[in-house]
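Heads up, the thing below is written out as structure tokens.
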Amino acid sequence: MTDQQTVRIALAGGGAFGAKHAAALRRIDGVEVTAVVSSSLDSARKFAAEQGIGRASASLDEVLAMDDVDAVILATPTPMHAAQTLACLEAGKHVQVEIPLADALPDAEACLAAQQRTGLVTMVGHTRRFNPSHQWIRQRIQAGEYRIQQMDVQTYFFRRTNLNALGQARSWTDHLLWHHAAHTVDLFAYQTGSPIVQANAIQGPVHPGLGIAMDMSIQLRAANGAICTLSLSFNNDGPLGTFFRYIGDTGTYLARYDDLLTGKDEPIDVSGVDVSTDGIELQDREFVAAIREGREPNSSVTQVLNCYRTLADLERQLDAARTS
């Protein structure tokens, strides 16, 4: 594929993140969203009409059989991610899957094996790699101007019922470890440029209805000595989201999605870091560029697999603690 060719993308998932990707893709030249897949034909048609997409379907298999689909973005429920990634690759389609790649290590490893067998672009939506706030930090690290000594991260939501980001009922249950911790585990290794060599976790009581722990604490240490402390909760009644404190040798910084401040809450202008200040758009731009250039993308399945190996190690710790 050349830089001039249109990349034809199907979008699977008509929810909150599907809408974010649809908006981002409209801002990328030479991209056409040719179809949308949702959980029902009615919801797919409604989403397609809202987003100006020509075709709607309730079947991913139907979309994968279309000749005018080069690639698929999966913004579907977590339990579907690995199987749908494999289906896209087997159908000869490039694929970007929203985080997490899988909720079990064998499934993540199967996706890596399929990518290696097919050679197709296979990217995982670890958006923190692309947020301008975190890119600004990374540029300083790569220039030799900053070294991380510690990351202190809070991932907080108020989610005692099974609702999505739009307040709608979910058909599946979200997870602090396999979904939300994955962002920080990957980002810590990525920003320090050093593999995680020690990981510890404890969790609070399991919710009797949801069957998941609502509070969790994770400690990480990289081979270069940097450490990370991550606190996660579904019990926190605001403020909501993930907040990163970078403590380094030449400064402290606070990253909140696409915004960045000094340790004294002074705003840092990140508007010139990249061509957009929207992390989702930058993530999608990387996916499209990798397809056009025939190269491995940033946040490829190869690059992020160690994150899922760490999550699996932490899960074993938590399971052992529950049964002891």
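In the structure tokens, the first chain shown is A, the next is B, and so on; residue numbers restart at 1 for each chain, and ligands run from 1 in the order shown.
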From a DSSP pass on the backbone, collect the residues of stretch 105-294 of chain A flagged as strand (DSSP E) and hand them back as a PyMOL selection string. chain A and resi 122-125+148-156+196-203+215-222+227-233+241-248+251-256+259-262
Selection: 12 Å around stretch 278-283 of chain A, only C-alpha atoms, excl. self and same-chain fewer than 3 positions, as a PyMOL selection string: chain A and resi 17-29+73+75+96-99+123-135+256-259+270-271+273-275+286-290+297-300
Counting only C-alpha atoms, figure out which residue out of A:Asp67, A:Asp269, A:Glu315, A:Asp186 gets nearest to A:Met216.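 For A:Met216, the nearest of the given residues is A:Glu315.
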Record the distance separating atom CA of A:Gln139 and atom CA of A:Cys228, expressed in Å with one decimal. 19.8 Å
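Of the residues under consideration (A:Gly14, A:Pro100, A:Pro208, A:Pro79), A:Pro100 shows the shortest atom-to-atom contact distance to A:Thr184 when counting only C-alpha atoms.
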Residues at most 8 Å from A:Leu112, counting only C-alpha atoms, excluding those fewer than 2 positions away in the same chain, as a PyMOL selection string? chain A and resi 108-110+114-116+301-302+305
Go ahead and write the residues just picked, N, CA, C and O atoms, as a PDB file, in the first residue's frame.
```pdb
ATOM      1  N   ALA A 108      -3.588 -13.759  24.713  1.00  0.00           N
ATOM      2  CA  ALA A 108      -2.693 -12.719  24.201  1.00  0.00           C
ATOM      3  C   ALA A 108      -1.560 -13.339  23.381  1.00  0.00           C
ATOM      4  O   ALA A 108      -1.192 -12.829  22.313  1.00  0.00           O
ATOM      5  N   GLU A 109      -1.023 -14.448  23.864  1.00  0.00           N
ATOM      6  CA  GLU A 109       0.055 -15.126  23.137  1.00  0.00           C
ATOM      7  C   GLU A 109      -0.442 -15.692  21.814  1.00  0.00           C
ATOM      8  O   GLU A 109       0.299 -15.710  20.822  1.00  0.00           O
ATOM      9  N   ALA A 110      -1.694 -16.136  21.761  1.00  0.00           N
ATOM     10  CA  ALA A 110      -2.265 -16.633  20.500  1.00  0.00           C
ATOM     11  C   ALA A 110      -2.370 -15.506  19.473  1.00  0.00           C
ATOM     12  O   ALA A 110      -2.142 -15.718  18.277  1.00  0.00           O
ATOM     13  N   ALA A 114      -0.507 -15.318  15.801  1.00  0.00           N
ATOM     14  CA  ALA A 114      -1.247 -15.063  14.561  1.00  0.00           C
ATOM     15  C   ALA A 114      -0.658 -13.878  13.809  1.00  0.00           C
ATOM     16  O   ALA A 114      -0.577 -13.889  12.575  1.00  0.00           O
ATOM     17  N   GLN A 115      -0.245 -12.849  14.532  1.00  0.00           N
ATOM     18  CA  GLN A 115       0.383 -11.710  13.871  1.00  0.00           C
ATOM     19  C   GLN A 115       1.685 -12.138  13.190  1.00  0.00           C
ATOM     20  O   GLN A 115       1.956 -11.768  12.045  1.00  0.00           O
ATOM     21  N   GLN A 116       2.483 -12.926  13.892  1.00  0.00           N
ATOM     22  CA  GLN A 116       3.757 -13.369  13.323  1.00  0.00           C
ATOM     23  C   GLN A 116       3.537 -14.253  12.100  1.00  0.00           C
ATOM     24  O   GLN A 116       4.318 -14.209  11.149  1.00  0.00           O
ATOM     25  N   VAL A 301       1.349  -5.651  19.031  1.00  0.00           N
ATOM     26  CA  VAL A 301       1.129  -6.784  19.934  1.00  0.00           C
ATOM     27  C   VAL A 301       2.462  -7.321  20.451  1.00  0.00           C
ATOM     28  O   VAL A 301       2.563  -7.749  21.610  1.00  0.00           O
ATOM     29  N   THR A 302       3.497  -7.248  19.626  1.00  0.00           N
ATOM     30  CA  THR A 302       4.826  -7.689  20.065  1.00  0.00           C
ATOM     31  C   THR A 302       5.334  -6.831  21.213  1.00  0.00           C
ATOM     32  O   THR A 302       5.855  -7.346  22.217  1.00  0.00           O
ATOM     33  N   LEU A 305       3.253  -7.322  24.742  1.00  0.00           N
ATOM     34  CA  LEU A 305       2.977  -8.633  25.328  1.00  0.00           C
ATOM     35  C   LEU A 305       3.567  -8.773  26.737  1.00  0.00           C
ATOM     36  O   LEU A 305       2.964  -9.421  27.604  1.00  0.00           O
TER      37      LEU A 305
END
```
Give me, as an NGL selection string, all polymer residues having an atom no more than 9 Å from A:Leu120, counting only C-alpha atoms and skipping those fewer than 6 positions away in the same chain. :A and (89 or 92-95 or 114 or 291 or 294 or 296)
Could you state the separation of atom CA of A:Gly238 and atom CA of A:Phe157 in Å, given to one decimal place? 7.0 Å
